[in-house]
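Everything below belongs to work_18.cif, which stores mmCIF, C-alpha atoms.
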data_entry
loop_
_atom_site.label_atom_id
_atom_site.label_comp_id
_atom_site.auth_asym_id
_atom_site.auth_seq_id
_atom_site.Cartn_x
_atom_site.Cartn_y
_atom_site.Cartn_z
CA MET A 1 -31.26 -0.27 -13.92
CA THR A 2 -27.54 0.03 -14.66
CA THR A 3 -26.64 -0.07 -10.95
CA LEU A 4 -28.64 -3.24 -10.33
CA LEU A 5 -27.20 -4.82 -13.47
CA MET A 6 -23.65 -4.02 -12.35
CA ILE A 7 -24.27 -5.53 -8.91
CA SER A 8 -25.50 -8.76 -10.50
CA VAL A 9 -22.63 -8.80 -13.04
CA ALA A 10 -20.09 -8.25 -10.25
CA MET A 11 -21.46 -11.11 -8.14
CA LEU A 12 -21.81 -13.44 -11.13
CA ALA A 13 -18.24 -12.72 -12.28
CA GLY A 14 -16.89 -13.44 -8.79
CA LEU A 15 -18.86 -16.67 -8.40
CA LEU A 16 -17.96 -18.01 -11.86
CA LEU A 17 -14.28 -17.25 -11.37
CA SER A 18 -14.37 -18.99 -7.97
CA ARG A 19 -15.08 -22.24 -9.88
CA VAL A 20 -11.85 -21.74 -11.81
CA ALA A 21 -10.03 -20.97 -8.56
CA LYS A 22 -11.34 -24.21 -7.05
CA LEU A 23 -9.86 -26.22 -9.94
CA LEU A 24 -6.53 -24.45 -9.37
CA LYS A 25 -6.85 -25.05 -5.60
CA LEU A 26 -6.80 -21.32 -4.87
CA PRO A 27 -8.94 -19.51 -2.24
CA ALA A 28 -12.22 -17.98 -3.39
CA VAL A 29 -11.20 -14.49 -2.21
CA THR A 30 -8.46 -14.46 -4.86
CA ALA A 31 -11.05 -15.25 -7.52
CA TYR A 32 -13.29 -12.42 -6.32
CA LEU A 33 -10.46 -9.88 -6.42
CA VAL A 34 -9.36 -11.01 -9.89
CA ALA A 35 -12.99 -10.86 -11.08
CA GLY A 36 -13.15 -7.27 -9.82
CA ILE A 37 -10.01 -6.38 -11.76
CA LEU A 38 -11.44 -7.95 -14.94
CA ILE A 39 -14.75 -6.04 -14.79
CA GLY A 40 -13.05 -2.90 -13.47
CA PRO A 41 -12.36 0.35 -15.35
CA PHE A 42 -8.91 -0.80 -16.53
CA VAL A 43 -10.04 -3.98 -18.33
CA LEU A 44 -13.66 -4.61 -19.49
CA GLY A 45 -14.73 -1.18 -18.27
CA ARG A 46 -12.55 0.35 -20.99
CA LEU A 47 -14.95 -1.02 -23.62
CA GLY A 48 -17.58 1.45 -22.40
CA ILE A 49 -20.44 -1.06 -22.62
CA PRO A 50 -22.99 -0.25 -19.85
CA GLY A 51 -23.51 -3.21 -17.53
CA LEU A 52 -20.52 -5.23 -18.81
CA GLY A 53 -17.96 -3.54 -16.58
CA PHE A 54 -17.35 -0.50 -14.37
CA GLU A 55 -16.47 2.39 -16.68
CA SER A 56 -14.81 4.47 -13.96
CA ILE A 57 -13.57 4.39 -10.37
CA GLU A 58 -16.47 6.71 -9.52
CA ALA A 59 -18.91 4.03 -10.70
CA VAL A 60 -17.31 1.58 -8.28
CA LYS A 61 -17.37 4.07 -5.42
CA ALA A 62 -21.09 4.63 -6.00
CA LEU A 63 -21.58 1.18 -4.45
CA SER A 64 -19.34 1.91 -1.43
CA VAL A 65 -22.27 1.50 1.00
CA PHE A 66 -22.05 -2.27 0.39
CA CYS A 67 -18.37 -2.21 1.35
CA GLU A 68 -19.14 -0.31 4.56
CA VAL A 69 -21.78 -2.85 5.59
CA ALA A 70 -19.54 -5.79 4.66
CA LEU A 71 -16.74 -4.37 6.81
CA GLY A 72 -19.17 -4.14 9.71
CA PHE A 73 -20.10 -7.81 9.38
CA ILE A 74 -16.43 -8.85 9.08
CA ALA A 75 -15.63 -7.07 12.36
CA PHE A 76 -18.83 -8.41 13.96
CA THR A 77 -17.73 -11.96 13.11
CA ILE A 78 -14.27 -11.35 14.60
CA GLY A 79 -15.95 -10.31 17.86
CA ASN A 80 -17.49 -13.78 18.06
CA GLU A 81 -14.00 -15.21 18.66
CA PHE A 82 -13.75 -13.45 22.03
CA ARG A 83 -16.05 -15.53 24.17
CA LEU A 84 -14.89 -15.53 27.79
CA SER A 85 -14.97 -19.32 27.89
CA GLN A 86 -12.59 -19.46 24.92
CA LEU A 87 -10.38 -16.66 26.24
CA LYS A 88 -9.73 -18.67 29.42
CA ALA A 89 -8.61 -21.60 27.29
CA ILE A 90 -6.31 -19.49 25.11
CA GLY A 91 -3.70 -19.21 27.83
CA LYS A 92 -0.57 -17.14 28.17
CA GLN A 93 1.17 -18.66 25.14
CA ALA A 94 -1.39 -17.68 22.50
CA THR A 95 -1.83 -14.18 23.94
CA VAL A 96 1.91 -13.45 24.07
CA ILE A 97 2.47 -14.84 20.56
CA ALA A 98 -0.43 -12.82 19.13
CA PHE A 99 0.91 -9.53 20.53
CA VAL A 100 4.59 -10.10 19.72
CA GLN A 101 4.16 -11.25 16.11
CA ALA A 102 1.64 -8.49 15.33
CA LEU A 103 3.80 -5.72 16.77
CA LEU A 104 7.03 -7.07 15.26
CA ALA A 105 5.37 -7.13 11.83
CA THR A 106 4.44 -3.46 12.32
CA ILE A 107 7.96 -2.53 13.46
CA ALA A 108 9.61 -4.44 10.57
CA VAL A 109 7.41 -2.87 7.88
CA ASP A 110 7.63 0.62 9.42
CA ALA A 111 11.43 0.43 9.66
CA ALA A 112 11.83 -0.86 6.09
CA LEU A 113 9.40 1.63 4.51
CA ILE A 114 10.63 4.63 6.51
CA GLY A 115 14.14 3.76 5.32
CA LEU A 116 12.81 3.47 1.76
CA HIS A 117 11.11 6.86 2.18
CA PHE A 118 14.50 8.59 2.33
CA ALA A 119 15.49 6.88 -0.94
CA MET A 120 12.26 7.86 -2.76
CA PRO A 121 10.53 10.67 -0.78
CA ASP A 122 8.35 11.67 -3.73
CA LYS A 123 6.88 8.18 -4.13
CA LEU A 124 6.66 7.04 -0.52
CA THR A 125 5.56 9.51 2.15
CA LEU A 126 5.89 8.94 5.88
CA PRO A 127 2.08 8.69 6.42
CA VAL A 128 1.94 5.88 3.85
CA ALA A 129 4.80 4.03 5.57
CA ILE A 130 3.20 4.37 9.02
CA VAL A 131 -0.26 3.22 7.93
CA LEU A 132 1.13 0.24 5.97
CA GLY A 133 3.01 -0.78 9.11
CA ALA A 134 -0.30 -0.97 10.96
CA VAL A 135 -2.02 -2.84 8.11
CA ALA A 136 0.80 -5.43 8.32
CA THR A 137 -0.61 -6.74 11.63
CA ALA A 138 -3.79 -8.15 10.07
CA THR A 139 -4.11 -11.74 8.86
CA ALA A 140 -6.84 -13.62 6.97
CA PRO A 141 -8.74 -15.90 9.36
CA ALA A 142 -10.96 -17.23 6.56
CA ALA A 143 -8.01 -18.43 4.44
CA THR A 144 -6.31 -20.07 7.43
CA LEU A 145 -9.47 -21.81 8.66
CA MET A 146 -10.23 -22.99 5.12
CA VAL A 147 -6.95 -24.90 4.97
CA ILE A 148 -7.42 -26.37 8.45
CA ARG A 149 -10.95 -27.58 7.70
CA GLN A 150 -10.23 -28.79 4.18
CA TYR A 151 -7.37 -31.03 5.31
CA LYS A 152 -8.76 -31.74 8.81
CA ALA A 153 -5.55 -30.56 10.47
CA LYS A 154 -5.12 -31.58 14.11
CA GLY A 155 -2.36 -31.03 16.64
CA LYS A 156 -0.64 -28.52 18.90
CA LEU A 157 0.11 -26.08 16.07
CA THR A 158 -3.52 -26.07 14.92
CA ASP A 159 -4.80 -25.65 18.48
CA ILE A 160 -2.73 -22.51 19.11
CA LEU A 161 -3.13 -21.12 15.57
CA LEU A 162 -6.88 -20.56 15.86
CA PRO A 163 -6.84 -18.29 18.96
CA VAL A 164 -3.74 -16.43 17.69
CA VAL A 165 -5.51 -15.62 14.39
CA ALA A 166 -8.59 -14.44 16.30
CA LEU A 167 -6.56 -12.15 18.58
CA ASP A 168 -4.37 -10.95 15.73
CA ASP A 169 -7.01 -8.91 13.94
CA ALA A 170 -8.27 -7.34 17.17
CA ILE A 171 -4.72 -6.20 17.96
CA GLY A 172 -4.39 -5.00 14.38
CA LEU A 173 -7.50 -2.84 14.62
CA ILE A 174 -6.14 -1.09 17.72
CA VAL A 175 -2.67 -0.59 16.21
CA PHE A 176 -4.30 0.75 13.05
CA ALA A 177 -6.40 3.27 15.00
CA VAL A 178 -3.25 4.70 16.65
CA SER A 179 -1.08 4.67 13.50
CA PHE A 180 -3.86 6.12 11.36
CA GLY A 181 -4.32 8.95 13.86
CA ILE A 182 -0.61 9.77 13.61
CA ALA A 183 -0.74 9.60 9.78
CA LYS A 184 -3.72 11.98 9.65
CA ALA A 185 -1.89 14.39 11.95
CA MET A 186 1.14 14.32 9.65
CA GLU A 187 -1.04 14.91 6.58
CA SER A 188 -2.77 17.91 8.17
CA GLY A 189 0.51 19.30 9.49
CA HIS A 190 -0.78 19.62 13.08
CA PHE A 191 1.84 17.85 15.17
CA ASP A 192 0.33 18.47 18.55
CA LEU A 193 -0.29 16.13 21.47
CA ILE A 194 -4.05 16.19 20.90
CA SER A 195 -3.96 15.09 17.26
CA ILE A 196 -1.23 12.46 17.70
CA ILE A 197 -2.12 10.90 21.08
CA VAL A 198 -5.43 12.18 22.49
CA ASN A 199 -7.58 11.78 19.35
CA PRO A 200 -6.44 8.20 18.55
CA ILE A 201 -6.94 7.11 22.19
CA LEU A 202 -10.36 8.77 22.25
CA GLU A 203 -11.27 7.00 19.02
CA ILE A 204 -10.37 3.60 20.50
CA VAL A 205 -12.16 4.23 23.82
CA CYS A 206 -15.26 5.76 22.23
CA SER A 207 -15.44 2.96 19.68
CA LEU A 208 -15.30 0.28 22.39
CA VAL A 209 -17.92 2.11 24.50
CA LEU A 210 -20.29 2.59 21.54
CA GLY A 211 -19.84 -1.05 20.51
CA ALA A 212 -20.51 -2.24 24.08
CA VAL A 213 -23.67 -0.11 24.41
CA MET A 214 -24.98 -1.35 21.06
CA GLY A 215 -24.09 -4.92 22.06
CA VAL A 216 -26.16 -4.66 25.26
CA LEU A 217 -29.11 -3.13 23.40
CA PHE A 218 -28.81 -5.80 20.72
CA THR A 219 -28.93 -8.59 23.33
CA VAL A 220 -31.94 -7.06 25.11
CA VAL A 221 -33.96 -6.51 21.91
CA GLU A 222 -33.08 -9.95 20.53
CA ARG A 223 -34.78 -11.62 23.52
CA PHE A 224 -38.17 -10.18 22.54
CA PHE A 225 -38.23 -12.48 19.50
CA SER A 226 -38.35 -16.27 19.33
CA SER A 227 -38.51 -16.72 15.56
CA ASN A 228 -35.10 -17.45 14.01
CA SER A 229 -35.94 -15.34 10.95
CA LYS A 230 -36.85 -12.31 13.08
CA ARG A 231 -33.76 -12.77 15.26
CA LEU A 232 -31.63 -12.83 12.11
CA SER A 233 -33.36 -9.66 10.90
CA ILE A 234 -32.62 -7.95 14.22
CA ALA A 235 -28.96 -9.01 14.01
CA ILE A 236 -28.65 -7.53 10.51
CA THR A 237 -30.46 -4.37 11.62
CA PHE A 238 -28.12 -3.79 14.57
CA VAL A 239 -24.93 -4.35 12.57
CA ILE A 240 -26.09 -1.88 9.90
CA ALA A 241 -27.21 0.63 12.57
CA THR A 242 -23.85 0.27 14.36
CA VAL A 243 -21.96 0.92 11.10
CA ALA A 244 -24.09 4.04 10.56
CA LEU A 245 -23.49 5.37 14.10
CA SER A 246 -19.74 4.73 13.77
CA MET A 247 -19.67 7.31 10.96
CA LEU A 248 -20.56 10.11 13.38
CA ASP A 249 -17.88 12.69 14.06
CA PHE A 250 -17.79 15.36 16.78
CA HIS A 251 -15.44 18.25 17.47
CA ILE A 252 -14.92 19.84 20.88
CA GLY A 253 -12.35 22.52 20.27
CA ALA A 254 -9.21 20.82 18.96
CA VAL A 255 -10.39 17.44 20.22
CA GLU A 256 -12.01 15.20 17.60
CA ILE A 257 -14.33 12.43 18.75
CA GLY A 258 -14.60 9.85 16.01
CA PHE A 259 -15.16 6.11 15.79
CA SER A 260 -13.55 3.13 14.07
CA SER A 261 -16.34 1.12 12.44
CA LEU A 262 -14.16 -2.00 12.66
CA LEU A 263 -13.58 -1.64 16.42
CA VAL A 264 -17.21 -0.67 17.12
CA CYS A 265 -18.62 -3.69 15.27
CA MET A 266 -16.02 -6.02 16.78
CA MET A 267 -17.10 -4.90 20.26
CA LEU A 268 -20.75 -5.33 19.25
CA GLY A 269 -20.04 -8.97 18.37
CA THR A 270 -17.96 -9.56 21.52
CA VAL A 271 -20.62 -8.25 23.92
CA PHE A 272 -23.42 -10.06 22.11
CA CYS A 273 -21.68 -13.46 22.04
CA ASN A 274 -20.88 -13.23 25.78
CA MET A 275 -24.33 -12.03 26.91
CA CYS A 276 -26.68 -14.00 24.67
CA ASP A 277 -27.08 -17.73 25.27
CA PHE A 278 -28.13 -18.45 21.67
CA SER A 279 -25.52 -16.18 20.07
CA GLU A 280 -23.52 -19.02 18.50
CA ASP A 281 -26.54 -20.17 16.49
CA MET A 282 -27.28 -16.58 15.43
CA MET A 283 -23.67 -16.00 14.38
CA GLY A 284 -23.87 -19.08 12.17
CA ARG A 285 -27.08 -17.85 10.53
CA THR A 286 -25.60 -14.38 10.02
CA ASP A 287 -22.52 -15.86 8.32
CA LYS A 288 -24.74 -17.61 5.77
CA TRP A 289 -26.70 -14.41 5.09
CA THR A 290 -23.54 -12.38 4.52
CA ALA A 291 -21.97 -14.80 2.00
CA PRO A 292 -23.23 -12.93 -1.12
CA LEU A 293 -22.42 -9.59 0.53
CA PHE A 294 -18.78 -10.65 0.99
CA VAL A 295 -18.60 -11.76 -2.66
CA LEU A 296 -19.70 -8.29 -3.75
CA PHE A 297 -17.32 -6.65 -1.25
CA PHE A 298 -14.22 -8.41 -2.58
CA VAL A 299 -15.21 -7.96 -6.23
CA LEU A 300 -15.70 -4.21 -5.67
CA SER A 301 -12.35 -4.10 -3.85
CA GLY A 302 -10.66 -5.64 -6.88
CA ALA A 303 -12.46 -3.26 -9.25
CA GLU A 304 -11.04 -0.28 -7.34
CA LEU A 305 -7.47 -1.43 -7.90
CA GLU A 306 -5.84 1.18 -10.13
CA LEU A 307 -3.62 -0.96 -12.35
CA ALA A 308 -2.03 2.16 -13.83
CA VAL A 309 -0.25 2.67 -10.51
CA PHE A 310 1.80 -0.49 -11.06
CA ALA A 311 3.24 0.91 -14.26
CA ASP A 312 5.39 2.91 -11.87
CA LEU A 313 8.35 0.71 -10.86
CA ALA A 314 8.70 2.60 -7.57
CA ILE A 315 5.21 1.54 -6.42
CA VAL A 316 5.95 -2.11 -7.28
CA VAL A 317 9.16 -1.91 -5.26
CA ILE A 318 7.24 -0.52 -2.24
CA GLY A 319 4.74 -3.38 -2.51
CA ILE A 320 7.47 -6.03 -2.66
CA VAL A 321 9.31 -4.51 0.32
CA TYR A 322 6.05 -4.45 2.28
CA ILE A 323 5.39 -8.13 1.53
CA ILE A 324 8.90 -9.31 2.39
CA PHE A 325 9.26 -7.41 5.67
CA ARG A 326 5.73 -8.25 6.85
CA CYS A 327 6.53 -11.95 6.35
CA LEU A 328 9.82 -11.56 8.24
CA GLY A 329 8.08 -9.78 11.11
CA LYS A 330 5.32 -12.40 11.33
CA TYR A 331 7.73 -15.35 11.17
CA PHE A 332 10.35 -14.18 13.62
CA GLY A 333 7.75 -12.62 15.94
CA ALA A 334 5.99 -15.97 16.21
CA TYR A 335 9.29 -17.88 16.48
CA ILE A 336 10.76 -15.72 19.25
CA SER A 337 7.56 -15.54 21.32
CA ALA A 338 6.89 -19.29 20.93
CA LYS A 339 10.41 -20.06 22.17
CA TRP A 340 9.98 -17.57 25.00
CA THR A 341 6.73 -19.18 26.18
CA LYS A 342 8.26 -22.70 25.79
CA CYS A 343 5.95 -23.93 23.04
CA ASP A 344 6.47 -27.14 21.09
CA ASP A 345 9.27 -27.03 18.48
CA ASN A 346 6.78 -27.43 15.61
CA ILE A 347 4.92 -24.33 16.83
CA SER A 348 8.14 -22.31 16.93
CA LYS A 349 9.18 -23.43 13.43
CA TYR A 350 5.91 -23.27 11.51
CA LEU A 351 3.40 -20.97 13.25
CA GLY A 352 4.76 -17.80 11.64
CA ILE A 353 4.30 -19.25 8.14
CA THR A 354 0.61 -19.94 8.80
CA LEU A 355 0.10 -16.23 9.60
CA PHE A 356 1.16 -14.97 6.15
CA PRO A 357 -2.33 -14.88 4.47
CA GLN A 358 -3.92 -11.42 4.48
CA ALA A 359 -7.32 -10.32 3.13
CA GLY A 360 -10.57 -8.89 4.51
CA VAL A 361 -9.51 -6.83 7.53
CA ALA A 362 -6.44 -5.45 5.73
CA ILE A 363 -8.61 -4.43 2.77
CA GLY A 364 -11.01 -2.81 5.24
CA MET A 365 -8.18 -0.78 6.75
CA SER A 366 -7.05 0.33 3.29
CA ILE A 367 -10.61 1.44 2.42
CA ILE A 368 -10.68 3.66 5.51
CA ALA A 369 -7.31 5.11 4.50
CA ALA A 370 -8.51 5.76 0.94
CA GLN A 371 -11.65 7.51 2.20
CA GLN A 372 -9.88 9.84 4.64
CA LEU A 373 -6.39 10.45 3.23
CA GLY A 374 -7.15 11.30 -0.40
CA GLU A 375 -4.33 10.49 -2.82
CA THR A 376 -2.14 9.19 0.01
CA GLY A 377 -4.92 6.78 0.97
CA MET A 378 -5.27 5.52 -2.61
CA VAL A 379 -1.56 4.66 -2.69
CA ILE A 380 -2.02 2.69 0.55
CA ARG A 381 -5.09 0.93 -0.87
CA ASN A 382 -3.39 -0.11 -4.11
CA ILE A 383 -0.28 -1.42 -2.38
CA CYS A 384 -2.48 -3.31 0.08
CA LEU A 385 -4.60 -4.89 -2.67
CA PHE A 386 -1.46 -5.85 -4.60
CA ALA A 387 -0.09 -7.51 -1.45
CA VAL A 388 -3.40 -9.28 -0.75
CA LEU A 389 -3.40 -10.82 -4.23
CA VAL A 390 0.13 -12.15 -3.67
CA TYR A 391 -0.63 -13.36 -0.13
CA GLU A 392 -3.87 -15.07 -1.14
CA LEU A 393 -2.18 -16.83 -4.04
CA PHE A 394 0.68 -18.21 -1.98
CA GLY A 395 -0.41 -17.86 1.68
CA PRO A 396 -2.84 -20.82 1.86
CA MET A 397 -0.34 -23.06 0.05
CA LEU A 398 2.37 -22.12 2.55
CA THR A 399 -0.05 -22.75 5.43
CA LYS A 400 -0.76 -26.23 4.05
CA ILE A 401 2.98 -26.97 3.70
CA ALA A 402 3.67 -25.76 7.27
CA LEU A 403 0.92 -27.98 8.70
CA ILE A 404 2.23 -30.97 6.71
CA LYS A 405 5.78 -30.35 7.99
CA ALA A 406 4.41 -30.15 11.53
CA GLY A 407 2.75 -33.54 11.02
CA GLU A 408 -0.76 -32.18 11.49
CA ILE A 409 -2.12 -32.99 8.02
CA ASP A 410 -2.34 -36.64 7.02
CA LEU A 411 -2.17 -36.88 3.23
CA LYS A 412 -2.50 -40.68 3.21
CA PRO A 413 -5.79 -41.87 1.65
CA VAL A 414 -8.32 -43.23 4.11
CA LYS A 415 -8.60 -47.02 3.76
CA MET A 416 -12.12 -48.31 3.24
CA LYS A 417 -13.12 -51.56 4.89
CA HIS A 418 -15.10 -54.06 2.83
CA ASP A 419 -18.13 -54.19 5.09
CA HIS A 420 -18.46 -50.54 6.13
CA ILE A 421 -16.97 -47.07 5.84
CA VAL A 422 -14.55 -46.12 8.62
CA SER A 423 -16.46 -43.52 10.62
CA ASN A 424 -18.05 -42.84 13.98
CA ASP A 425 -21.26 -44.48 12.75
CA LYS A 426 -21.37 -47.93 14.31
CA ARG A 427 -24.56 -49.13 12.61
CA PRO A 428 -22.83 -51.13 9.80
CA THR A 429 -20.75 -52.95 12.42
CA GLU A 430 -23.86 -53.70 14.46
CA ARG A 431 -25.60 -55.16 11.40
CA HIS A 432 -22.53 -57.29 10.77
CA GLU A 433 -22.70 -58.62 14.33
CA ARG A 434 -26.37 -59.50 13.90
CA ARG A 435 -25.62 -61.40 10.66
CA LYS A 436 -23.11 -63.45 12.62
#

Conversion result in structure tokens:
Amino acid sequence: MTTLLMISVAMLAGLLLSRVAKLLKLPAVTAYLVAGILIGPFVLGRLGIPGLGFESIEAVKALSVFCEVALGFIAFTIGNEFRLSQLKAIGKQATVIAFVQALLATIAVDAALIGLHFAMPDKLTLPVAIVLGAVATATAPAATLMVIRQYKAKGKLTDILLPVVALDDAIGLIVFAVSFGIAKAMESGHFDLISIIVNPILEIVCSLVLGAVMGVLFTVVERFFSSNSKRLSIAITFVIATVALSMLDFHIGAVEIGFSSLLVCMMLGTVFCNMCDFSEDMMGRTDKWTAPLFVLFFVLSGAELELAVFADLAIVVIGIVYIIFRCLGKYFGAYISAKWTKCDDNISKYLGITLFPQAGVAIGMSIIAAQQLGETGMVIRNICLFAVLVYELFGPMLTKIALIKAGEIDLKPVKMKHDHIVSNDKRPTERHERRK
């Protein structure tokens, strides 16, 4: 009973706080994270009232299966952005910008945090610095798209922003797989070629192969059903099954064959959307089904934030350095690559700013780190969640400002004509003609 009550309390807290966030013009994900903190073990959980809040971190982790499934659906949705028809339209500019800004963000954060490691080696280890550098690549597609849709932004900057954001997280997942492999090797103390290079490459390749196989099977099975409800059920079944299979781990001597659940599910979505002719409709239905799951995911993520960590000034300093250097890497990476590929001046000036928001995928990476790196992983997770709160508070606002500066958001009120509303609907005009 207590578990079910806590799930309902977590979702209700997130949804109610999202109403407050709407009044303050903040993204819903910020509200969910704050709601998690409020019902977590460091705030309401301290009261020890069963069902009112999580009394311990262990109580939050008991619901980790929901986080695993939510991560699978996040990656599955990202895969939908890689339709071959869209990839052809992306062009050289978006691809080059996506790679350069993602990698420069990693280099900037790695360089800054490795330098900081020598100043505070007890607080910041090299594995933490390396993994945070990889996490720096990820952006928040949902936050960016929310601003674009809310203000109906249109123009060259908006056109190139969408494919860059889609590519960005895919690049981030690959960079994370390599960096995380190196970090695990450093933690275990085995600095051999197999653990640093072979295992991460195998993880990437095996993840893509497993995702592709599951994607083909998914497409084949889906065609046996014509009912939309059954097709949706099959989609949910395959994503959950793929998440489960991605948890498998094999050892052949010193070689470890593991999988990245994010990469596997991303490949599942990519193969499905390119092979199935009704995939776009199914993706839309799946997004609606996962809405409450994502609410629970972000609330649980906030509840796991150990606020006691931020009583340590050194940890706060690491978080601030991470935020600053990630922003510098994103901005100048986008600026340099946009100039190099001869993009419009507005793209060069403002694209980097629109890439600041960071949420779901970054949190997913930090969860994986927390699960596999012990105390080191928890430091990564807390710094990441701290950064996400800051990015989600200010990132969407900065995206809106950048799009306004680029002239792609019109803040002027739409003038209403006396006889009809200005729209694509011509029926009022036709009635007016008949009255004449």

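When only C-alpha atoms are used to compute distances to Leu373 (chain A), the closest of the residues A:Ala183, A:Leu5, A:Leu71, A:Ala138 turns out to be A:Ala183.
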
What is the distance, in Å and to one decimal place, between CA of Ile367 (chain A) and CA of Met283 (chain A)?
24.9 Å

Counting only C-alpha atoms, figure out which residue out of A:Ala241, A:Ala102, A:Leu161, A:Ala406 gets nearest to Phe332 (chain A).
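For Phe332 (chain A), the nearest of the candidates is A:Ala102.
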
Output check: residues returned by the PyMOL selection byres ((chain A and resi 385) around 8), as a PDB file with C-alpha atoms, in the frame of the given file:
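What ended up in result.pdb:
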ATOM      1  CA  SER A 301     -12.350  -4.100  -3.850  1.00  0.00           C
ATOM      2  CA  GLY A 302     -10.660  -5.640  -6.880  1.00  0.00           C
ATOM      3  CA  LEU A 305      -7.470  -1.430  -7.900  1.00  0.00           C
ATOM      4  CA  ILE A 363      -8.610  -4.430   2.770  1.00  0.00           C
ATOM      5  CA  ARG A 381      -5.090   0.930  -0.870  1.00  0.00           C
ATOM      6  CA  ASN A 382      -3.390  -0.110  -4.110  1.00  0.00           C
ATOM      7  CA  ILE A 383      -0.280  -1.420  -2.380  1.00  0.00           C
ATOM      8  CA  CYS A 384      -2.480  -3.310   0.080  1.00  0.00           C
ATOM      9  CA  PHE A 386      -1.460  -5.850  -4.600  1.00  0.00           C
ATOM     10  CA  ALA A 387      -0.090  -7.510  -1.450  1.00  0.00           C
ATOM     11  CA  VAL A 388      -3.400  -9.280  -0.750  1.00  0.00           C
ATOM     12  CA  LEU A 389      -3.400 -10.820  -4.230  1.00  0.00           C
TER      13      LEU A 389
END

On this structure, which residues satisfy the PyMOL selection byres ((chain A and resi 93) around 10), written as a list in words?
Ile90, Gly91, Lys92, Ala94, Thr95, Val96, Ile97, Ala98, Ile160, Val164, Ser337, Ala338, Lys339, Trp340, Thr341, Lys342 and Cys343 of chain A

Any chance you could resolve the PyMOL selection byres ((chain A and resi 132) around 10) against this file and give the residues as a list in words?
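So the PyMOL selection byres ((chain A and resi 132) around 10) ends up selecting Thr106, Val109, Asp110, Leu113, Leu126, Pro127, Val128, Ala129, Ile130, Val131, Gly133, Ala134, Val135, Ala136, Thr137, Phe176, Ser179, Phe180, Gly319, Tyr322, Arg326, Ala362, Met365, Ser366, Ala369, Ile380, Arg381, Ile383 and Cys384 of chain A.
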
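Using all atoms listed in the file, the shortest contact distance between Ser8 (chain A) and any of A:Ala166, A:Leu52, A:Leu248, A:Ile240 is found at A:Leu52.
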
Point-to-point distance in Å for CA of Lys405 (chain A) and CA of Asp345 (chain A)
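CA of Asp345 (chain A) sits 11.5 Å away from CA of Lys405 (chain A).
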
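Minimum atom-to-atom distances from A:Leu263, A:Ala314, A:Ala10, A:Val175 to Ala212 (chain A) were compared using all atoms listed in the file, and the lowest value belongs to A:Leu263.
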
Just checking: using all atoms listed in the file, which residue out of A:Asp249, A:Glu256, A:Ile78, A:Ala62 ends up closest to Ala185 (chain A)?
A:Glu256

Selected residue of minimal separation from Leu104 (chain A) among A:Phe272, A:Ala334, A:Leu47, A:Met6, counting all atoms listed in the file
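Closest to Leu104 (chain A), using all atoms listed in the file: A:Ala334.
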
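Picture a line from CA of Phe356 (chain A) to CA of Gly333 (chain A); it runs 12.0 Å.
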
Write out as a ChimeraX atom specification each polymer residue whose atoms come within 12 Å of Ser233 (chain A), counting only C-alpha atoms; drop sequence neighbours fewer than 3 positions from it.
/A:218,221-222,225-230,236-240,282,285-286,289

Please provide as a ChimeraX atom specification all residues within 8 Å of Ile409 (chain A), with the sequence filter that same-chain residues fewer than 2 positions apart are discarded (counting all atoms listed in the file).
/A:151-154,400,403-404,406-407,411

Neighbour list for Pro27 (chain A) as a ChimeraX atom specification, cut-off 7 Å, all atoms listed in the file, skip fewer than 2 positions in-chain:
/A:21,25,29-30,143,392

Can I get the residues of region 274-378 of chain A within 9 Å of region 56-59 of chain A, each with the closest pair of atoms and their distance in Å to one decimal, using only C-alpha atoms, sorted chain first then ascending number, as JSON lines?
{"residue": "A:Ala303", "atom": "CA", "partner": "A:Ile57", "partner_atom": "CA", "distance": 7.8}
{"residue": "A:Glu304", "atom": "CA", "partner": "A:Ile57", "partner_atom": "CA", "distance": 6.1}
{"residue": "A:Leu305", "atom": "CA", "partner": "A:Ile57", "partner_atom": "CA", "distance": 8.8}
{"residue": "A:Glu306", "atom": "CA", "partner": "A:Ile57", "partner_atom": "CA", "distance": 8.4}
